[in-house]
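For reference, data.cif (mmCIF, C-alpha atoms):
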data_entry
#
loop_
_atom_site.label_atom_id
_atom_site.label_comp_id
_atom_site.auth_asym_id
_atom_site.auth_seq_id
_atom_site.Cartn_x
_atom_site.Cartn_y
_atom_site.Cartn_z
CA MET Y 1 0.00 0.00 0.00
CA ALA Y 2 2.51 2.62 1.12
CA GLY Y 3 6.18 2.84 0.24
CA PRO Y 4 8.90 3.65 2.77
CA THR Y 5 7.83 6.78 4.58
CA THR Y 6 8.43 8.72 7.73
CA ASP Y 7 4.76 9.69 7.94
CA GLY Y 8 3.65 8.29 11.29
CA ARG Y 9 0.02 8.09 10.21
CA VAL Y 10 0.77 5.79 7.29
CA LEU Y 11 3.07 3.64 9.39
CA ARG Y 12 0.36 3.22 11.99
CA GLY Y 13 -2.08 2.34 9.20
CA GLU Y 14 0.27 -0.39 8.03
CA GLU Y 15 0.73 -1.65 11.56
CA THR Y 16 -3.02 -1.76 12.07
CA ARG Y 17 -3.42 -3.66 8.83
CA ARG Y 18 -0.82 -6.21 9.85
CA ALA Y 19 -2.37 -6.67 13.30
CA VAL Y 20 -5.81 -7.13 11.75
CA LEU Y 21 -4.51 -9.73 9.29
CA ARG Y 22 -2.61 -11.64 11.97
CA ARG Y 23 -5.85 -11.92 13.93
CA ALA Y 24 -7.92 -12.64 10.80
CA VAL Y 25 -5.86 -15.64 9.67
CA ALA Y 26 -6.05 -17.12 13.17
CA VAL Y 27 -9.83 -16.68 13.44
CA ALA Y 28 -10.44 -17.95 9.90
CA SER Y 29 -8.33 -21.08 10.47
CA VAL Y 30 -10.68 -22.09 13.29
CA GLU Y 31 -14.06 -20.65 12.25
CA GLY Y 32 -13.72 -19.87 8.55
CA LEU Y 33 -13.59 -16.69 6.47
CA ASP Y 34 -17.32 -16.06 6.97
CA ALA Y 35 -16.65 -15.55 10.66
CA LEU Y 36 -14.52 -12.49 9.84
CA SER Y 37 -16.23 -9.17 10.27
CA ILE Y 38 -14.73 -5.75 10.57
CA GLY Y 39 -16.70 -5.17 13.78
CA ARG Y 40 -15.51 -8.37 15.41
CA LEU Y 41 -11.86 -7.85 14.50
CA ALA Y 42 -12.02 -4.26 15.78
CA THR Y 43 -13.44 -5.50 19.10
CA ASP Y 44 -10.92 -8.35 19.38
CA LEU Y 45 -8.03 -5.94 18.83
CA GLY Y 46 -9.40 -2.92 20.72
CA LEU Y 47 -9.37 -0.81 17.55
CA SER Y 48 -12.00 1.51 16.10
CA LYS Y 49 -14.27 0.00 13.45
CA SER Y 50 -13.49 2.92 11.15
CA GLY Y 51 -9.76 2.27 11.55
CA VAL Y 52 -10.17 -1.36 10.49
CA PHE Y 53 -12.62 -0.46 7.74
CA ALA Y 54 -10.14 2.07 6.30
CA GLY Y 55 -7.67 -0.74 5.65
CA PHE Y 56 -10.07 -3.07 3.82
CA GLY Y 57 -13.31 -1.44 2.77
CA SER Y 58 -15.47 -4.54 2.37
CA LYS Y 59 -15.84 -8.01 3.84
CA GLU Y 60 -14.69 -9.60 0.58
CA GLU Y 61 -11.59 -7.39 0.48
CA LEU Y 62 -10.84 -8.44 4.04
CA GLN Y 63 -11.30 -12.13 3.12
CA LEU Y 64 -9.02 -11.79 0.09
CA ALA Y 65 -6.35 -9.96 2.09
CA THR Y 66 -6.59 -12.72 4.71
CA VAL Y 67 -6.01 -15.39 2.05
CA ARG Y 68 -2.97 -13.47 0.75
CA ALA Y 69 -1.59 -13.14 4.28
CA ALA Y 70 -2.11 -16.87 4.92
CA ARG Y 71 -0.36 -17.67 1.63
CA ARG Y 72 2.72 -15.73 2.79
CA ILE Y 73 2.70 -17.46 6.19
CA PHE Y 74 2.36 -20.85 4.47
CA ALA Y 75 5.24 -20.09 2.09
CA ASP Y 76 7.45 -19.01 5.01
CA ALA Y 77 6.53 -22.04 7.13
CA VAL Y 78 6.51 -24.81 4.53
CA VAL Y 79 8.45 -23.83 1.41
CA ALA Y 80 11.16 -21.46 2.64
CA PRO Y 81 12.80 -23.96 5.06
CA VAL Y 82 13.32 -26.34 2.13
CA ALA Y 83 15.02 -23.78 -0.13
CA ASP Y 84 18.50 -25.14 0.59
CA THR Y 85 17.57 -28.77 -0.07
CA PRO Y 86 18.86 -29.69 -3.53
CA PRO Y 87 16.10 -30.21 -6.11
CA GLY Y 88 14.94 -33.77 -6.57
CA LEU Y 89 13.57 -36.60 -4.47
CA GLY Y 90 15.08 -35.20 -1.27
CA ARG Y 91 13.31 -31.89 -1.77
CA ALA Y 92 9.99 -33.58 -2.56
CA ARG Y 93 10.23 -35.52 0.64
CA ALA Y 94 11.42 -32.50 2.63
CA LEU Y 95 8.45 -30.47 1.37
CA CYS Y 96 6.09 -33.15 2.66
CA GLU Y 97 7.82 -33.35 6.03
CA SER Y 98 7.83 -29.57 6.22
CA TRP Y 99 4.07 -29.55 5.56
CA LEU Y 100 3.45 -32.09 8.33
CA ALA Y 101 5.58 -30.01 10.73
CA TYR Y 102 3.56 -26.91 9.77
CA SER Y 103 0.26 -28.64 10.52
CA ARG Y 104 1.56 -30.27 13.70
CA ALA Y 105 2.94 -27.00 15.05
CA ARG Y 106 -0.43 -25.30 14.50
CA VAL Y 107 1.18 -22.39 12.67
CA PHE Y 108 -2.50 -21.52 12.28
CA PRO Y 109 -4.38 -22.38 15.48
CA GLY Y 110 -7.08 -24.36 13.63
CA GLY Y 111 -4.58 -26.47 11.67
CA CYS Y 112 -4.04 -25.91 7.96
CA PHE Y 113 -5.69 -22.60 7.03
CA PHE Y 114 -6.27 -23.75 3.46
CA TYR Y 115 -8.04 -26.98 4.45
CA GLU Y 116 -10.48 -25.00 6.58
CA VAL Y 117 -11.34 -22.22 4.17
CA THR Y 118 -11.19 -24.23 0.94
CA ALA Y 119 -13.87 -26.57 2.29
CA GLU Y 120 -15.83 -23.45 3.21
CA PHE Y 121 -15.63 -21.76 -0.21
CA ASP Y 122 -15.08 -24.56 -2.74
CA ALA Y 123 -18.72 -24.68 -3.83
CA ARG Y 124 -19.20 -20.90 -3.82
CA PRO Y 125 -18.00 -19.34 -7.09
CA GLY Y 126 -16.38 -15.92 -6.72
CA ALA Y 127 -13.17 -14.08 -6.02
CA VAL Y 128 -12.43 -15.89 -2.75
CA ARG Y 129 -12.77 -19.32 -4.32
CA ASP Y 130 -10.60 -18.21 -7.26
CA ALA Y 131 -7.87 -17.06 -4.88
CA LEU Y 132 -8.00 -20.37 -2.99
CA ALA Y 133 -7.94 -22.39 -6.22
CA GLU Y 134 -4.80 -20.46 -7.22
CA CYS Y 135 -3.13 -21.29 -3.91
CA ALA Y 136 -4.00 -24.99 -4.36
CA VAL Y 137 -2.58 -25.02 -7.88
CA GLU Y 138 0.57 -23.25 -6.70
CA TRP Y 139 1.24 -25.75 -3.90
CA HIS Y 140 0.52 -28.72 -6.16
CA GLY Y 141 2.98 -27.15 -8.64
CA VAL Y 142 5.74 -26.77 -6.05
CA LEU Y 143 5.46 -30.46 -5.21
CA ALA Y 144 5.08 -31.63 -8.82
CA ASP Y 145 8.14 -29.55 -9.75
CA ALA Y 146 10.29 -31.25 -7.15
CA LEU Y 147 9.03 -34.62 -8.40
CA ALA Y 148 9.80 -33.64 -12.01
CA ARG Y 149 13.39 -32.80 -11.04
CA ALA Y 150 13.61 -36.17 -9.30
CA ARG Y 151 12.36 -37.94 -12.42
CA ASP Y 152 14.74 -35.97 -14.65
CA ALA Y 153 17.60 -37.00 -12.38
CA GLY Y 154 16.60 -40.65 -12.69
CA ALA Y 155 15.46 -41.04 -9.09
CA LEU Y 156 11.82 -41.65 -10.13
CA ARG Y 157 10.78 -44.04 -12.88
CA PRO Y 158 10.40 -42.48 -16.34
CA GLY Y 159 6.74 -43.57 -16.44
CA THR Y 160 5.82 -41.93 -13.13
CA ASP Y 161 2.65 -39.84 -13.41
CA LEU Y 162 3.85 -36.73 -11.57
CA ASP Y 163 0.39 -35.23 -11.12
CA ASP Y 164 -1.06 -38.46 -9.73
CA LEU Y 165 1.86 -38.75 -7.32
CA ALA Y 166 1.62 -35.10 -6.21
CA PHE Y 167 -2.14 -35.57 -5.75
CA ALA Y 168 -1.58 -38.66 -3.59
CA LEU Y 169 1.00 -36.87 -1.43
CA VAL Y 170 -1.30 -33.86 -0.95
CA ALA Y 171 -4.15 -36.24 -0.08
CA VAL Y 172 -2.12 -37.90 2.66
CA LEU Y 173 -0.95 -34.55 4.08
CA GLU Y 174 -4.37 -32.93 4.15
CA THR Y 175 -6.08 -35.97 5.62
CA ALA Y 176 -3.45 -36.19 8.34
CA ASN Y 177 -4.18 -32.56 9.22
CA ALA Y 178 -7.95 -33.09 9.10
CA GLN Y 179 -7.94 -36.19 11.33
CA ALA Y 180 -5.29 -34.89 13.75
CA VAL Y 181 -7.28 -31.71 14.37
CA LEU Y 182 -10.66 -33.48 14.52
CA HIS Y 183 -9.57 -36.18 16.96
CA GLU Y 184 -6.83 -34.16 18.74
CA ASP Y 185 -4.52 -37.07 18.02
CA ASP Y 186 -0.94 -37.36 16.71
CA THR Y 187 -1.46 -40.81 15.11
CA PRO Y 188 -2.57 -39.43 11.72
CA TYR Y 189 0.78 -37.63 11.33
CA GLN Y 190 2.64 -40.86 12.01
CA ARG Y 191 0.50 -42.70 9.45
CA ALA Y 192 1.12 -39.91 6.96
CA GLY Y 193 4.89 -40.13 7.46
CA ARG Y 194 4.83 -43.87 6.67
CA LEU Y 195 2.47 -43.51 3.71
CA LEU Y 196 4.46 -40.68 2.09
CA LEU Y 197 7.57 -42.84 2.08
CA ARG Y 198 5.61 -45.77 0.68
CA LEU Y 199 4.14 -43.67 -2.14
CA LEU Y 200 7.55 -42.25 -3.08
CA ARG Y 201 9.31 -45.63 -2.84
CA ALA Y 202 6.71 -47.24 -5.11
CA GLU Y 203 7.80 -44.85 -7.88
CA ALA Y 204 11.52 -44.66 -7.05
CA THR Y 205 14.06 -46.37 -9.30
CA ASP Y 206 15.94 -47.30 -6.12
CA PRO Y 207 13.64 -48.06 -3.18
CA ALA Y 208 16.72 -47.82 -0.95
CA ASP Y 209 17.41 -44.25 -2.11
CA PRO Y 210 18.90 -42.43 0.91
CA ALA Y 211 16.41 -39.59 0.34
CA LEU Y 212 13.73 -42.08 1.39
CA SER Y 213 15.37 -43.52 4.47
CA PRO Y 214 13.18 -43.67 7.59
CA GLY Y 215 13.58 -40.89 10.12
CA PRO Y 216 13.71 -37.18 9.41
CA ALA Y 217 14.11 -36.05 5.80
CA GLN Y 218 17.70 -35.69 4.59
CA GLY Y 219 19.26 -32.96 2.53
CA PRO Y 220 21.20 -34.68 -0.26
CA ALA Y 221 19.35 -36.55 -3.01
CA MET N 1 -40.40 -37.86 17.97
CA ALA N 2 -43.94 -39.17 17.37
CA GLY N 3 -45.00 -42.77 16.89
CA PRO N 4 -47.55 -43.82 14.26
CA THR N 5 -50.57 -41.60 14.71
CA THR N 6 -53.60 -40.26 12.91
CA ASP N 7 -53.13 -36.84 14.49
CA GLY N 8 -52.80 -34.51 11.50
CA ARG N 9 -50.95 -31.90 13.54
CA VAL N 10 -48.19 -34.30 14.51
CA LEU N 11 -47.90 -35.64 10.99
CA ARG N 12 -47.52 -32.12 9.66
CA GLY N 13 -44.91 -31.49 12.33
CA GLU N 14 -42.91 -34.49 11.11
CA GLU N 15 -43.26 -33.37 7.51
CA THR N 16 -42.07 -29.90 8.41
CA ARG N 17 -39.11 -31.40 10.22
CA ARG N 18 -38.16 -33.50 7.22
CA ALA N 19 -38.49 -30.55 4.82
CA VAL N 20 -36.34 -28.40 7.09
CA LEU N 21 -33.64 -31.07 7.32
CA ARG N 22 -33.61 -31.66 3.56
CA ARG N 23 -33.00 -27.96 3.06
CA ALA N 24 -30.52 -27.79 5.96
CA VAL N 25 -28.22 -30.53 4.65
CA ALA N 26 -28.17 -28.86 1.22
CA VAL N 27 -27.35 -25.41 2.61
CA ALA N 28 -24.74 -26.77 5.03
CA SER N 29 -22.97 -28.75 2.29
CA VAL N 30 -22.33 -25.47 0.43
CA GLU N 31 -22.02 -22.87 3.20
CA GLY N 32 -21.46 -24.85 6.39
CA LEU N 33 -23.47 -25.51 9.53
CA ASP N 34 -22.93 -21.98 10.82
CA ALA N 35 -24.97 -20.70 7.87
CA LEU N 36 -28.03 -22.52 9.23
CA SER N 37 -30.47 -20.37 11.13
CA ILE N 38 -34.07 -21.07 12.01
CA GLY N 39 -35.08 -17.73 10.45
CA ARG N 40 -33.30 -18.42 7.17
CA LEU N 41 -34.67 -21.94 6.80
CA ALA N 42 -38.20 -20.68 7.56
CA THR N 43 -37.84 -18.02 4.86
CA ASP N 44 -36.34 -20.46 2.32
CA LEU N 45 -39.22 -22.88 2.85
CA GLY N 46 -42.06 -20.38 3.32
CA LEU N 47 -42.71 -21.63 6.86
CA SER N 48 -43.28 -19.74 10.09
CA LYS N 49 -40.24 -19.27 12.32
CA SER N 50 -42.20 -20.66 15.26
CA GLY N 51 -43.05 -23.79 13.25
CA VAL N 52 -39.38 -24.43 12.49
CA PHE N 53 -38.32 -23.52 16.02
CA ALA N 54 -40.81 -26.02 17.47
CA GLY N 55 -39.01 -28.87 15.70
CA PHE N 56 -35.51 -28.01 16.91
CA GLY N 57 -35.41 -25.49 19.73
CA SER N 58 -31.85 -24.24 19.35
CA LYS N 59 -29.25 -23.69 16.65
CA GLU N 60 -27.07 -26.47 18.04
CA GLU N 61 -30.02 -28.90 18.04
CA LEU N 62 -30.67 -27.96 14.43
CA GLN N 63 -26.99 -28.50 13.56
CA LEU N 64 -26.93 -31.90 15.28
CA ALA N 65 -30.18 -33.00 13.60
CA THR N 66 -28.66 -31.90 10.27
CA VAL N 67 -25.57 -34.05 10.87
CA ARG N 68 -27.80 -37.04 11.71
CA ALA N 69 -29.86 -36.49 8.56
CA ALA N 70 -26.71 -36.24 6.45
CA ARG N 71 -25.39 -39.45 8.02
CA ARG N 72 -28.54 -41.29 6.89
CA ILE N 73 -28.30 -39.86 3.37
CA PHE N 74 -24.61 -40.85 3.22
CA ALA N 75 -25.38 -44.39 4.41
CA ASP N 76 -28.15 -44.75 1.81
CA ALA N 77 -26.01 -43.34 -1.01
CA VAL N 78 -22.64 -44.93 -0.27
CA VAL N 79 -22.99 -48.00 1.96
CA ALA N 80 -26.43 -49.44 1.13
CA PRO N 81 -25.71 -50.01 -2.60
CA VAL N 82 -22.76 -52.20 -1.62
CA ALA N 83 -24.73 -54.41 0.79
CA ASP N 84 -25.01 -57.27 -1.73
CA THR N 85 -21.31 -57.26 -2.61
CA PRO N 86 -19.69 -60.19 -0.79
CA PRO N 87 -17.34 -59.13 2.02
CA GLY N 88 -13.67 -58.83 1.10
CA LEU N 89 -11.55 -57.01 -1.43
CA GLY N 90 -14.46 -56.59 -3.86
CA ARG N 91 -16.52 -54.85 -1.21
CA ALA N 92 -13.64 -52.60 -0.17
CA ARG N 93 -13.22 -51.50 -3.74
CA ALA N 94 -16.98 -51.17 -4.30
CA LEU N 95 -17.25 -48.92 -1.22
CA CYS N 96 -14.59 -46.62 -2.67
CA GLU N 97 -16.26 -46.51 -6.09
CA SER N 98 -19.60 -45.90 -4.40
CA TRP N 99 -18.08 -42.98 -2.49
CA LEU N 100 -16.70 -41.45 -5.69
CA ALA N 101 -20.10 -41.84 -7.37
CA TYR N 102 -21.74 -40.14 -4.36
CA SER N 103 -19.38 -37.17 -4.58
CA ARG N 104 -19.61 -36.96 -8.37
CA ALA N 105 -23.41 -37.07 -8.36
CA ARG N 106 -23.51 -34.19 -5.86
CA VAL N 107 -25.90 -36.07 -3.60
CA PHE N 108 -25.25 -32.95 -1.51
CA PRO N 109 -25.05 -29.90 -3.77
CA GLY N 110 -21.74 -28.73 -2.27
CA GLY N 111 -20.04 -32.14 -2.66
CA CYS N 112 -19.35 -34.33 0.36
CA PHE N 113 -21.28 -32.90 3.32
CA PHE N 114 -18.78 -34.26 5.81
CA TYR N 115 -15.75 -32.72 4.11
CA GLU N 116 -17.41 -29.30 4.27
CA VAL N 117 -18.63 -29.34 7.86
CA THR N 118 -15.76 -31.30 9.39
CA ALA N 119 -13.33 -28.66 8.18
CA GLU N 120 -15.68 -26.09 9.68
CA PHE N 121 -15.94 -27.68 13.13
CA ASP N 122 -12.79 -29.77 13.59
CA ALA N 123 -11.03 -27.15 15.72
CA ARG N 124 -14.15 -26.23 17.74
CA PRO N 125 -14.69 -28.64 20.65
CA GLY N 126 -18.34 -29.41 21.40
CA ALA N 127 -21.30 -31.60 20.55
CA VAL N 128 -21.19 -30.88 16.81
CA ARG N 129 -17.53 -31.82 16.52
CA ASP N 130 -18.15 -34.96 18.60
CA ALA N 131 -20.95 -36.01 16.25
CA LEU N 132 -18.73 -35.44 13.20
CA ALA N 133 -15.83 -37.33 14.77
CA GLU N 134 -18.18 -40.27 15.33
CA CYS N 135 -19.27 -40.23 11.69
CA ALA N 136 -15.61 -40.18 10.57
CA VAL N 137 -14.76 -43.13 12.83
CA GLU N 138 -17.81 -45.03 11.61
CA TRP N 139 -16.92 -44.60 7.92
CA HIS N 140 -13.26 -45.49 8.55
CA GLY N 141 -14.53 -48.60 10.36
CA VAL N 142 -16.77 -49.67 7.47
CA LEU N 143 -13.79 -49.53 5.12
CA ALA N 144 -11.33 -51.11 7.55
CA ASP N 145 -13.83 -53.93 8.17
CA ALA N 146 -14.05 -54.75 4.48
CA LEU N 147 -10.25 -54.72 4.32
CA ALA N 148 -10.04 -57.00 7.38
CA ARG N 149 -12.34 -59.53 5.68
CA ALA N 150 -10.15 -59.33 2.59
CA ARG N 151 -7.03 -59.99 4.66
CA ASP N 152 -8.72 -62.86 6.52
CA ALA N 153 -9.66 -64.36 3.15
CA GLY N 154 -6.06 -64.16 2.02
CA ALA N 155 -6.65 -61.47 -0.61
CA LEU N 156 -4.49 -58.94 1.25
CA ARG N 157 -1.06 -59.69 2.66
CA PRO N 158 -1.01 -60.82 6.32
CA GLY N 159 1.23 -57.85 7.20
CA THR N 160 -1.08 -55.23 5.71
CA ASP N 161 -1.71 -52.33 8.12
CA LEU N 162 -5.48 -52.05 7.71
CA ASP N 163 -5.76 -48.65 9.37
CA ASP N 164 -2.99 -47.17 7.24
CA LEU N 165 -4.63 -48.55 4.11
CA ALA N 166 -8.11 -47.32 5.08
CA PHE N 167 -6.58 -43.90 5.86
CA ALA N 168 -4.90 -43.76 2.45
CA LEU N 169 -8.14 -44.71 0.66
CA VAL N 170 -10.13 -42.08 2.58
CA ALA N 171 -7.41 -39.51 1.79
CA VAL N 172 -7.67 -40.16 -1.94
CA LEU N 173 -11.49 -40.04 -1.89
CA GLU N 174 -11.74 -36.83 0.11
CA THR N 175 -9.08 -35.06 -1.89
CA ALA N 176 -10.80 -36.03 -5.13
CA ASN N 177 -14.01 -34.49 -3.80
CA ALA N 178 -12.21 -31.37 -2.59
CA GLN N 179 -10.36 -30.71 -5.84
CA ALA N 180 -13.28 -31.64 -8.12
CA VAL N 181 -15.57 -29.19 -6.33
CA LEU N 182 -12.95 -26.45 -6.06
CA HIS N 183 -11.89 -26.57 -9.71
CA GLU N 184 -15.22 -27.82 -11.15
CA ASP N 185 -13.23 -30.55 -12.84
CA ASP N 186 -13.71 -34.30 -13.28
CA THR N 187 -9.97 -35.10 -13.49
CA PRO N 188 -9.54 -35.62 -9.72
CA TYR N 189 -12.10 -38.45 -9.77
CA GLN N 190 -10.19 -40.17 -12.56
CA ARG N 191 -6.94 -39.80 -10.63
CA ALA N 192 -8.63 -41.18 -7.54
CA GLY N 193 -9.91 -44.21 -9.44
CA ARG N 194 -6.37 -45.04 -10.58
CA LEU N 195 -4.79 -44.40 -7.19
CA LEU N 196 -7.30 -46.52 -5.26
CA LEU N 197 -6.49 -49.50 -7.45
CA ARG N 198 -2.78 -48.87 -7.04
CA LEU N 199 -3.07 -48.69 -3.23
CA LEU N 200 -5.10 -51.90 -3.05
CA ARG N 201 -2.87 -53.75 -5.52
CA ALA N 202 0.25 -52.83 -3.55
CA GLU N 203 -1.17 -54.81 -0.60
CA ALA N 204 -2.92 -57.58 -2.53
CA THR N 205 -1.48 -61.09 -2.51
CA ASP N 206 -2.48 -61.31 -6.18
CA PRO N 207 -2.12 -58.00 -8.03
CA ALA N 208 -4.19 -59.56 -10.83
CA ASP N 209 -7.10 -60.22 -8.42
CA PRO N 210 -10.31 -59.81 -10.48
CA ALA N 211 -11.70 -57.55 -7.74
CA LEU N 212 -9.00 -55.07 -8.79
CA SER N 213 -9.44 -55.20 -12.55
CA PRO N 214 -9.72 -51.82 -14.28
CA GLY N 215 -13.21 -50.61 -15.08
CA PRO N 216 -16.19 -50.58 -12.74
CA ALA N 217 -15.94 -52.47 -9.47
CA GLN N 218 -16.97 -56.14 -9.61
CA GLY N 219 -19.08 -58.12 -7.18
CA PRO N 220 -17.27 -61.38 -6.51
CA ALA N 221 -14.04 -61.37 -4.55
#
Output the structure of this file as structure tokens.
Amino acid sequence: MAGPTTDGRVLRGEETRRAVLRRAVAVASVEGLDALSIGRLATDLGLSKSGVFAGFGSKEELQLATVRAARRIFADAVVAPVADTPPGLGRARALCESWLAYSRARVFPGGCFFYEVTAEFDARPGAVRDALAECAVEWHGVLADALARARDAGALRPGTDLDDLAFALVAVLETANAQAVLHEDDTPYQRAGRLLLRLLRAEATDPADPALSPGPAQGPA
Amino acid sequence: MAGPTTDGRVLRGEETRRAVLRRAVAVASVEGLDALSIGRLATDLGLSKSGVFAGFGSKEELQLATVRAARRIFADAVVAPVADTPPGLGRARALCESWLAYSRARVFPGGCFFYEVTAEFDARPGAVRDALAECAVEWHGVLADALARARDAGALRPGTDLDDLAFALVAVLETANAQAVLHEDDTPYQRAGRLLLRLLRAEATDPADPALSPGPAQGPA
């Protein structure tokens, strides 16, 4: 919104916006994007309604800004920590482990933000659904990319269907999140860890590939 | 609520209740259980608020009755059609195909009811979450049971982890529903069909088992 400035008013506006979005992603991860209202967020944060309204203007704008904020938090929590892992099978596995750690740590208090709000908006055409569909495609692409590099490097079989495999990995991750949150239970994460390795090994040229050894994900692959 | 009776008032009360629940499961599958209100349902159906209120009493009662109604619809759509399939690998596969058909047919207009409202309530302890957790455990059990019969009959390997396998199947089904609804695309169902077979074959004692042949699920197994 505003570039670097020494204008205190603008800085406070930016700070307000950030505080509102921090609160908004947390609320939405538990109760959904429909639970966000400018009045409620103002009350929660002890701010004036007009101050919050100034930063967003409409409920849909607030929802879209919340999705963008969650996307940045997700990228920082899941993708950024894997940046130094060399491309290939090791990175694909590290991305999955990073996702499980993100869900387990409740980076968003309700578990995966995108699971919660995608279920909420998937059957409701509009700008919010479009934004969520884009996030889903982007994450699928990050995973499929790592798998493509692994196949190019000969670590996955030439006939591997990368989109099917990425879909299966995402399915295991999201279901682990869903069941762990629903039942307040760690078991689904343990299942997911085993199943991810099994899915990757089934397509690996070398099932004993060190990138797929049990235990925490390893860098080199 | 009422036993068999010739009292017109009670019969109309039961009819009202059924009409309200039919509408409630449809609305909740698109917008969630929080979108249900006695006033809105009364308006949608052209009924008096007091008439709708009489059948439920509170928003939480209405939400719980909606979950129970959805559970019956799910059982009729997914489990009942498989009742004649002999227990074992064929039934496990038929249950999965039946689930995909249920999602694809939009038995609930928003796709799988339980995907929508479980994401909505999973991080909110209370009676609604408890009811949804029970439904999830019940469905997992139906699948795991069929897999157990298949293992007992020698169609799955003795070392097969039935809960891991049921989890993986549920993950593929739910993710197919989620992505098909989000992107208004049939591809996820096709992926799911392939992946289910691959998951079952990986644990089958005979990968060429006729219960796992491509094409529609088969009875005998």
- Task: Within 12 Å of (-16.0, -4.8, 11.6) (coordinates as in the file), grab all the protein and nucleic acid residues, counting all atoms listed in the file, and write them out as a list in words.
- Result: Val20, Ala24, Ala35, Leu36, Ser37, Ile38, Gly39, Arg40, Leu41, Ala42, Thr43, Asp44, Leu45, Gly46, Leu47, Ser48, Lys49, Ser50, Gly51, Val52, Phe53, Ala54, Gly55, Phe56, Gly57, Ser58, Lys59 and Leu62 of chain Y
- Work out how far CA of Ala133 in chain N is from CA of Glu184 in chain Y, in Å to one decimal. 10.3 Å
Can you pull out every residue within 7 Å of Leu147 in chain Y, counting all atoms listed in the file, but drop anything in the same chain fewer than 5 positions away, and send it as an mmCIF file with C-alpha atoms, in the frame of the given file?
data_model
loop_
_atom_site.group_PDB
_atom_site.id
_atom_site.type_symbol
_atom_site.label_atom_id
_atom_site.label_comp_id
_atom_site.auth_asym_id
_atom_site.auth_seq_id
_atom_site.Cartn_x
_atom_site.Cartn_y
_atom_site.Cartn_z
ATOM 1 C CA GLY Y 88 14.940 -33.770 -6.570
ATOM 2 C CA LEU Y 89 13.570 -36.600 -4.470
ATOM 3 C CA ALA Y 92 9.990 -33.580 -2.560
ATOM 4 C CA LEU Y 162 3.850 -36.730 -11.570
#
- Task: Let me know the residues the PyMOL selection byres ((chain Y and resi 119) around 8) catches in the file above, as a PyMOL selection string.
- Result: (chain Y and resi 115-118+120-122) or (chain N and resi 115-117+119-120+178)
Matched chain/residue IDs from the PyMOL selection byres ((chain N) within 6 of (chain Y)), as a PDB file with C-alpha atoms, keeping the file's coordinate frame:
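File written: result20.pdb
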ATOM      1  CA  VAL N  30     -22.330 -25.470   0.430  1.00  0.00           C
ATOM      2  CA  GLY N 110     -21.740 -28.730  -2.270  1.00  0.00           C
ATOM      3  CA  GLU N 116     -17.410 -29.300   4.270  1.00  0.00           C
ATOM      4  CA  ALA N 119     -13.330 -28.660   8.180  1.00  0.00           C
ATOM      5  CA  ASP N 122     -12.790 -29.770  13.590  1.00  0.00           C
ATOM      6  CA  ALA N 123     -11.030 -27.150  15.720  1.00  0.00           C
ATOM      7  CA  ALA N 171      -7.410 -39.510   1.790  1.00  0.00           C
ATOM      8  CA  VAL N 172      -7.670 -40.160  -1.940  1.00  0.00           C
ATOM      9  CA  THR N 175      -9.080 -35.060  -1.890  1.00  0.00           C
ATOM     10  CA  VAL N 181     -15.570 -29.190  -6.330  1.00  0.00           C
ATOM     11  CA  LEU N 182     -12.950 -26.450  -6.060  1.00  0.00           C
TER      12      LEU N 182
END
- Query: How far is it from CA of Glu203 in chain Y to CA of Ala150 in chain Y, in Å with one decimal?
  - Reply: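 Result for CA of Glu203 in chain Y versus CA of Ala150 in chain Y: 10.5 Å, one decimal.
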- How far is it from CA of Asp206 in chain N to CA of Gly159 in chain N, in Å with one decimal? 14.3 Å
- Task: Excluding Ala101 in chain N and residues on its chain fewer than 6 positions from it, collect all residues at most 10 Å away from it, counting only C-alpha atoms, and give them as a VMD selection string.
- Result: chain N and resid 77 to 78 95 107 189
- Query: Can you list, as a PyMOL selection string, every protein, DNA or RNA residue that comes within 8 Å of Val82 in chain Y when you count only C-alpha atoms, leaving out same-chain residues fewer than 3 positions away?
  - Reply: chain Y and resi 78-79+85+91+94-95+98
- Protein/DNA/RNA residues near (-11.2, -60.2, 4.0), cut 12 Å, all atoms listed in the file, as a list in words: Pro86, Pro87, Gly88, Leu89, Gly90, Arg91, Ala92, Arg93, Leu143, Ala144, Asp145, Ala146, Leu147, Ala148, Arg149, Ala150, Arg151, Asp152, Ala153, Gly154, Ala155, Leu156, Arg157, Pro158, Thr160, Leu162, Ala204, Thr205 and Ala221 of chain N
